[in-house]
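Trainee: Structure below; questions to follow.
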Amino acid sequence: MRLKRIGAITLAALMTAGTLAGCSGKTATTETTNAQTTAAAETTAASSDTKAAGGEKTVINIWSKDRHDASYVQEKVDQYNKTNTDNIQVNYQLYTDNYVQAIDMAVQSGELPDIMVQQDQMFDKYVNEGQWANLYDFMDDDMKTYFKDVIFPGYNELDEKLYFIPTTGTTCRLFYNKEIFARVGIAEPPKTLEEMVADSKLITSKLSGEGIYGFAENMKSASSGLQRSLLIGLQRETGLVNGYDFTKGEYDFTPWAESLKLWKELLSEDSAFPGCESLDIDPLRTQFAAGKIGMYMSYSHAEPGVYQNQFPMDSDKWDCVPIPTVGGKANGKQLFTGTGGYVINAKSPNLEKAFKVYKDIFTNEDYLVGYYEGGYGVSILPSVIAKAKPSIDFQNKKWLLISDIDALLPKPPHSAFASGMVVEGEDMFKTCESIYYGNADVDAALKDLTDRYNKAYQDAIKNNTGYEIKIPGYDPQNPKLQ
């Protein structure tokens with residue numbers, strides 16, 4: 001079963017990846033067929049045989065949401081543009097906080113780029129609408145063999161169609177400043193959410209006069225902030241996946257109450273960095289690198305590259321640990337997400353050349369090894385792990401790697417058929433915001449949220465825009481995909 005393969009990779013190889021080096025792995029192949037193409041650009045009109053330096057070239061547009069690896073990817077794109085013999089010009093564009101909105105607008109206007117960095121929300125929203133190409137239609141046998149260990153039915157392979165190939169992995173951790181902790185006498189990072197609140201308040205009480213505060217999160221977007229922090233902790237704490245109980249086949253947000261009460265304290269002026277409610281992730285990282293924030297939560301794959309390349313920070317000053325839970329509860333696993341994947345626009349007039357660009361740049365083993373060694377993500381490919389010499393952060397900070405508290409989790413209804421389930425009123429993110437930044441009654445708000453999500457789920461089943469999702473005998477400590 002393929003799911004056992006992720007266990008072998010992530011729980012064995014990845015936890016020791018920092019010590020693996022020297023073995024030469026198989027090189028990913030780069031051959032594919034050519035086809036007639038036209039160009040589609042994000043800000044310019046789509047046209048065939050777009051003018052570019054050196055004559056008539058086909059433009060392949062790539063959109064990314066990732067800042068942390070942008071310089072590395074741009075370098076590889078520039079190299080490809082200079083050396084490819086297929087008369088192709090790649091246009092690489094970076095979107096950040098508005099990535100999903102940009103995808104939505106492009107779908108509606110018919111100006112979707114040829115290739116996009118995979119992101120769960122946008123992938124789920126359009127996968128059932130035929131928007132993403134089936135990579136199996138273009139992969140040769142060598143490529144299928146090379147990536148066989150990262151093909152997971154129910155995750156990136158749906159109905160025997162492969163939509164993206166994760167080459168690295170990520171989860172979320174609590175990042176903390178070791179020097180700030182030492183200054184106020186905190187001997188070790190918090191294991192419980194209660195300890196985290198107390199530590200944050202202690203830092204703020206002692207160091208706020210120097211502009212140093214205990215905690216911050218990028219709360220400008222409730223969705224962005226909570227998906228890398230609170231929701232991940234709640235998965236492990238409650239055993240539910242974003243409020244969904246796979247055994248009962250229904251939503252229940254009421255177990256979130258204690259965490260949200262503590263988050264209200266965590267984000268109070270006695271604890272949090274001023275202005276968290278309007279903070280984006282990069283301004284937060286800037287302040288963390290400057291030694292102004294004691295701790296925050298984010299993705300494990302991105303931060304090493306951020307503090308090595310984007311906002312330089314001495315590696316000895318920071319580390320990470322699991323996200324604390326109420327009372328240290330661990331009733332389930334927390335989400336492990338495959339990263340490094342790209343989807344291809346199935347409606348692109350440049351489809352075959354778009355696949356060739358994707359294959360030549362992003363599945364090349366030299367690219368994948370350099371990506372891991374550069375600290376941009378943790379490889380989940382056995383041949384890359386064997387060959388690469390990862391950065392010092394990945395060698396010395398064990399919780400950057402995928403561990404036995406992390407797992408691939410099944411998708412709840414609002415993710416499995418995102419466009420087919422319409423929740424009336426505030427979604428889970430805005431409801432949480434009304435609690436930690438407002439005066440909403442915690443228990444009443446979560447009961448109402450539960451009722452509204454269950455109604456939307458049942459309506460989707462009745463309207464044939466969704467289907468029942470239930471996993472008999474589901475074990476949160478040993479999760480299985482549908």
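Each chain in the structure tokens gets a letter, A, B and so on, in the order shown; residues start at 1 in every chain, and ligands are counted from 1 in the order they appear.
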Show which residues sit within 10 Å of Asn478 (chain A), as a list in words. Count only C-alpha atoms, and ignore same-chain residues fewer than 3 positions away.
Mentor: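 The neighbour list is Gly332, Lys333, Ala407, Leu408, Leu409, Tyr474 and Asp475 of chain A.
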Trainee: Convert the current residue selection to file output with N, CA, C and O atoms, as a CSV table (one decimal), in the first residue's frame.
Mentor:
chain,number,residue,atom,x,y,z
A,332,GLY,N,-4.2,12.9,18.2
A,332,GLY,CA,-4.1,12.5,16.8
A,332,GLY,C,-2.8,13.0,16.2
A,332,GLY,O,-1.9,13.6,16.9
A,333,LYS,N,-2.7,12.8,14.9
A,333,LYS,CA,-1.5,13.4,14.2
A,333,LYS,C,-1.9,14.7,13.6
A,333,LYS,O,-3.0,15.1,13.5
A,407,ALA,N,1.5,13.4,9.7
A,407,ALA,CA,1.0,12.4,8.8
A,407,ALA,C,0.2,13.1,7.7
A,407,ALA,O,-0.3,14.2,7.9
A,408,LEU,N,0.0,12.3,6.6
A,408,LEU,CA,-1.0,12.8,5.6
A,408,LEU,C,-2.4,12.5,6.2
A,408,LEU,O,-2.6,11.5,6.8
A,409,LEU,N,-3.2,13.5,6.1
A,409,LEU,CA,-4.5,13.4,6.7
A,409,LEU,C,-5.6,13.4,5.6
A,409,LEU,O,-5.4,14.1,4.6
A,474,TYR,N,-11.9,4.9,11.9
A,474,TYR,CA,-10.8,5.8,11.7
A,474,TYR,C,-10.1,6.1,13.0
A,474,TYR,O,-10.7,6.3,14.0
A,475,ASP,N,-8.8,5.9,12.9
A,475,ASP,CA,-7.9,6.1,14.1
A,475,ASP,C,-7.0,7.4,13.9
A,475,ASP,O,-6.2,7.4,13.0
Trainee: Quick one: DSSP strand (DSSP E or B) residues in region 296-462 of chain A, as a VMD selection string?
Mentor: chain A and resid 296 to 299 318 to 321 325 334 to 335 337 to 339 342 to 345 378 to 379 406 to 407
Trainee: Go ahead and save the residues from that selection, with C-alpha atoms, as a PDB file, in the first residue's frame.
Mentor:
ATOM      1  CA  TYR A 296       5.499  32.394  16.391  1.00  0.00           C
ATOM      2  CA  MET A 297       4.231  29.476  14.321  1.00  0.00           C
ATOM      3  CA  SER A 298       4.847  28.728  10.664  1.00  0.00           C
ATOM      4  CA  TYR A 299       5.817  26.138   8.083  1.00  0.00           C
ATOM      5  CA  TRP A 318      16.501  30.233  16.736  1.00  0.00           C
ATOM      6  CA  ASP A 319      15.010  26.779  16.826  1.00  0.00           C
ATOM      7  CA  CYS A 320      11.596  25.106  16.592  1.00  0.00           C
ATOM      8  CA  VAL A 321       9.461  22.581  18.469  1.00  0.00           C
ATOM      9  CA  THR A 325      -1.606  21.958  22.764  1.00  0.00           C
ATOM     10  CA  GLN A 334      -1.048  16.763  12.623  1.00  0.00           C
ATOM     11  CA  LEU A 335      -1.013  17.549   8.930  1.00  0.00           C
ATOM     12  CA  THR A 337       1.800  18.525   3.499  1.00  0.00           C
ATOM     13  CA  GLY A 338       3.719  17.711   0.367  1.00  0.00           C
ATOM     14  CA  THR A 339       5.430  20.767  -1.099  1.00  0.00           C
ATOM     15  CA  TYR A 342       3.176  22.189  -9.446  1.00  0.00           C
ATOM     16  CA  VAL A 343      -0.124  21.870 -11.266  1.00  0.00           C
ATOM     17  CA  ILE A 344      -0.485  22.443 -14.982  1.00  0.00           C
ATOM     18  CA  ASN A 345      -3.436  24.250 -16.512  1.00  0.00           C
ATOM     19  CA  VAL A 378      12.968  18.902   3.196  1.00  0.00           C
ATOM     20  CA  SER A 379      13.236  16.373   0.391  1.00  0.00           C
ATOM     21  CA  ASP A 406       3.013  14.243  11.444  1.00  0.00           C
ATOM     22  CA  ALA A 407       0.973  12.392   8.834  1.00  0.00           C
TER      23      ALA A 407
END
Trainee: Neighbours of Ile323 (chain A) within 10 Å (only C-alpha atoms; same-chain residues fewer than 6 positions away dropped), as JSON, numbers by chain?
Mentor: {"A": [172, 173, 174, 175, 190, 191, 192, 193, 196, 228, 229, 230, 232, 233, 234, 236, 237, 296, 297, 298, 334]}
Trainee: Save out the residues we just selected, N, CA and C atoms, as a short mmCIF file (atom, residue, chain, number, x, y, z; two decimals), in the first residue's frame.
Mentor:
data_model
loop_
_atom_site.label_atom_id
_atom_site.label_comp_id
_atom_site.auth_asym_id
_atom_site.auth_seq_id
_atom_site.Cartn_x
_atom_site.Cartn_y
_atom_site.Cartn_z
N CYS A 172 3.87 22.27 10.41
CA CYS A 172 3.99 23.54 11.13
C CYS A 172 4.61 23.33 12.50
N ARG A 173 5.41 24.27 12.91
CA ARG A 173 6.11 24.21 14.19
C ARG A 173 6.04 25.56 14.89
N LEU A 174 6.39 25.56 16.18
CA LEU A 174 6.57 26.79 16.95
C LEU A 174 8.03 27.19 16.84
N PHE A 175 8.29 28.36 16.28
CA PHE A 175 9.64 28.90 16.17
C PHE A 175 9.88 29.87 17.32
N PRO A 190 7.91 25.89 25.42
CA PRO A 190 6.68 25.36 26.00
C PRO A 190 6.20 24.08 25.33
N LYS A 191 5.65 23.19 26.14
CA LYS A 191 5.06 21.95 25.64
C LYS A 191 3.53 22.02 25.64
N THR A 192 2.98 22.91 26.44
CA THR A 192 1.53 23.07 26.49
C THR A 192 1.16 24.49 26.08
N LEU A 193 -0.09 24.65 25.66
CA LEU A 193 -0.54 25.98 25.27
C LEU A 193 -0.59 26.90 26.49
N MET A 196 2.81 28.19 26.98
CA MET A 196 3.12 29.14 25.92
C MET A 196 2.56 30.53 26.24
N ARG A 228 -1.49 27.82 9.75
CA ARG A 228 -0.11 27.46 10.08
C ARG A 228 0.11 27.41 11.60
N SER A 229 -0.98 27.52 12.37
CA SER A 229 -0.81 27.61 13.82
C SER A 229 -1.93 26.88 14.56
N LEU A 230 -3.00 27.59 14.89
CA LEU A 230 -4.07 27.05 15.72
C LEU A 230 -4.65 25.76 15.15
N ILE A 232 -3.45 23.54 13.13
CA ILE A 232 -2.52 22.41 13.17
C ILE A 232 -2.43 21.84 14.59
N GLY A 233 -2.34 22.73 15.57
CA GLY A 233 -2.32 22.28 16.95
C GLY A 233 -3.59 21.54 17.33
N LEU A 234 -4.74 22.02 16.84
CA LEU A 234 -6.02 21.39 17.15
C LEU A 234 -6.16 20.01 16.51
N ARG A 236 -3.78 17.82 16.25
CA ARG A 236 -3.08 16.92 17.16
C ARG A 236 -3.80 16.82 18.51
N GLU A 237 -4.32 17.94 18.98
CA GLU A 237 -4.98 17.97 20.28
C GLU A 237 -6.29 17.18 20.30
N TYR A 296 6.62 32.39 17.33
CA TYR A 296 5.50 32.39 16.39
C TYR A 296 5.42 31.02 15.74
N MET A 297 4.40 30.78 14.97
CA MET A 297 4.23 29.48 14.32
C MET A 297 4.21 29.63 12.81
N SER A 298 4.84 28.68 12.12
CA SER A 298 4.85 28.73 10.66
C SER A 298 5.28 27.39 10.10
N GLN A 334 -0.83 15.48 13.26
CA GLN A 334 -1.05 16.76 12.62
C GLN A 334 -0.62 16.69 11.17
#
Trainee: Closest to Glu365 (chain A) among A:Pro274, A:Gln119, A:Leu266, A:Ile385, using only C-alpha atoms?
Mentor: A:Ile385
Trainee: Could you check which of A:Leu226, A:Gly291, A:Ala216, A:Asn87 is closest to Glu56 (chain A), using only C-alpha atoms?
Mentor: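 Of the candidates, the smallest distance to Glu56 (chain A) is held by A:Asn87.
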Trainee: Just checking: using only C-alpha atoms, which residue out of A:Thr450, A:Gln310, A:Thr96, A:Ser315 ends up closest to Ile392 (chain A)?
Mentor: A:Ser315
Trainee: Which one of A:Phe246, A:Phe253, A:Tyr307, A:Tyr136 sits closest to Lys447 (chain A) if you count only C-alpha atoms?
Mentor: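 The answer is A:Phe253, which sits nearest to Lys447 (chain A).
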Trainee: May I have the residues within 12 Å of Val73 (chain A) as a JSON list (two decimals) with N, CA and C atoms, in the first residue's frame, using only C-alpha atoms and disregarding those fewer than 5 positions away in the same chain?
Mentor:
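Saved as out-v4.json:
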[["chain", "number", "residue", "atom", "x", "y", "z"],
["A", 62, "ILE", "N", 4.54, 30.93, -15.36],
["A", 62, "ILE", "CA", 4.53, 30.19, -14.10],
["A", 62, "ILE", "C", 4.19, 31.16, -12.98],
["A", 63, "TRP", "N", 3.24, 30.77, -12.13],
["A", 63, "TRP", "CA", 2.91, 31.56, -10.95],
["A", 63, "TRP", "C", 3.34, 30.81, -9.70],
["A", 64, "SER", "N", 3.89, 31.55, -8.75],
["A", 64, "SER", "CA", 4.28, 30.97, -7.47],
["A", 64, "SER", "C", 3.75, 31.83, -6.34],
["A", 65, "LYS", "N", 3.53, 31.20, -5.18],
["A", 65, "LYS", "CA", 3.12, 31.90, -3.98],
["A", 65, "LYS", "C", 4.27, 32.02, -2.98],
["A", 66, "ASP", "N", 5.44, 31.43, -3.31],
["A", 66, "ASP", "CA", 6.50, 31.24, -2.32],
["A", 66, "ASP", "C", 7.62, 32.28, -2.45],
["A", 67, "ARG", "N", 7.79, 33.05, -1.39],
["A", 67, "ARG", "CA", 8.91, 34.00, -1.36],
["A", 67, "ARG", "C", 10.23, 33.31, -1.01],
["A", 68, "HIS", "N", 10.14, 32.31, -0.14],
["A", 68, "HIS", "CA", 11.36, 31.77, 0.46],
["A", 68, "HIS", "C", 12.31, 31.14, -0.55],
["A", 78, "ASP", "N", 16.01, 31.52, -15.25],
["A", 78, "ASP", "CA", 16.90, 32.32, -16.10],
["A", 78, "ASP", "C", 17.87, 31.42, -16.87],
["A", 79, "GLN", "N", 18.39, 30.42, -16.17],
["A", 79, "GLN", "CA", 19.31, 29.49, -16.82],
["A", 79, "GLN", "C", 18.61, 28.72, -17.94],
["A", 80, "TYR", "N", 17.39, 28.30, -17.68],
["A", 80, "TYR", "CA", 16.62, 27.58, -18.69],
["A", 80, "TYR", "C", 16.35, 28.47, -19.90],
["A", 90, "VAL", "N", 10.34, 31.31, -20.46],
["A", 90, "VAL", "CA", 9.56, 31.13, -19.24],
["A", 90, "VAL", "C", 9.42, 32.46, -18.52],
["A", 91, "ASN", "N", 8.19, 32.78, -18.17],
["A", 91, "ASN", "CA", 7.90, 34.00, -17.42],
["A", 91, "ASN", "C", 7.47, 33.60, -16.01],
["A", 92, "TYR", "N", 8.34, 33.82, -15.02],
["A", 92, "TYR", "CA", 8.08, 33.41, -13.64],
["A", 92, "TYR", "C", 7.60, 34.60, -12.83],
["A", 93, "GLN", "N", 6.42, 34.47, -12.22],
["A", 93, "GLN", "CA", 5.83, 35.59, -11.48],
["A", 93, "GLN", "C", 5.47, 35.15, -10.07],
["A", 94, "LEU", "N", 5.73, 36.05, -9.13],
["A", 94, "LEU", "CA", 5.53, 35.75, -7.71],
["A", 94, "LEU", "C", 4.31, 36.46, -7.18],
["A", 117, "VAL", "N", 2.37, 26.86, -8.75],
["A", 117, "VAL", "CA", 2.72, 26.14, -7.54],
["A", 117, "VAL", "C", 1.44, 25.61, -6.91],
["A", 340, "GLY", "N", 6.63, 21.61, -2.99],
["A", 340, "GLY", "CA", 7.45, 21.49, -4.19],
["A", 340, "GLY", "C", 6.68, 21.00, -5.40],
["A", 358, "TYR", "N", 7.96, 22.23, -17.05],
["A", 358, "TYR", "CA", 7.86, 21.71, -15.69],
["A", 358, "TYR", "C", 8.85, 20.58, -15.46],
["A", 361, "ILE", "N", 12.75, 21.76, -15.67],
["A", 361, "ILE", "CA", 13.23, 22.60, -14.58],
["A", 361, "ILE", "C", 13.01, 21.94, -13.22],
["A", 362, "PHE", "N", 11.79, 21.55, -12.91],
["A", 362, "PHE", "CA", 11.42, 21.23, -11.53],
["A", 362, "PHE", "C", 11.55, 19.76, -11.16],
["A", 367, "TYR", "N", 18.35, 20.14, -9.72],
["A", 367, "TYR", "CA", 17.48, 21.17, -9.13],
["A", 367, "TYR", "C", 16.99, 20.71, -7.76],
["A", 368, "LEU", "N", 16.55, 19.46, -7.65],
["A", 368, "LEU", "CA", 15.98, 18.95, -6.41],
["A", 368, "LEU", "C", 17.02, 18.83, -5.30],
["A", 370, "GLY", "N", 19.83, 20.67, -5.14],
["A", 370, "GLY", "CA", 20.18, 22.04, -4.77],
["A", 370, "GLY", "C", 19.12, 22.69, -3.91],
["A", 371, "TYR", "N", 17.86, 22.35, -4.16],
["A", 371, "TYR", "CA", 16.74, 22.90, -3.39],
["A", 371, "TYR", "C", 16.84, 22.47, -1.93],
["A", 374, "GLY", "N", 19.99, 23.92, -0.29],
["A", 374, "GLY", "CA", 19.88, 25.35, -0.07],
["A", 374, "GLY", "C", 18.98, 25.74, 1.08],
["A", 376, "TYR", "N", 15.63, 25.16, 1.24],
["A", 376, "TYR", "CA", 14.31, 25.64, 0.81],
["A", 376, "TYR", "C", 13.19, 24.64, 1.13]]
Trainee: If I take CA of Pro410 (chain A) and CA of Asp159 (chain A), how far is one from the other in Å, to one decimal?
Mentor: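 So the two atoms, CA of Pro410 (chain A) and CA of Asp159 (chain A), lie 15.2 Å apart.
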Trainee: Would you mind writing down, as a VMD selection string, each residue of region 118-290 of chain A that DSSP on the backbone assigns to helix (DSSP H, G or I)?
Mentor: chain A and resid 120 to 129 135 to 137 141 to 146 148 to 150 178 to 184 193 to 210 222 to 227 230 to 238 254 to 266 276 to 278 281 to 289
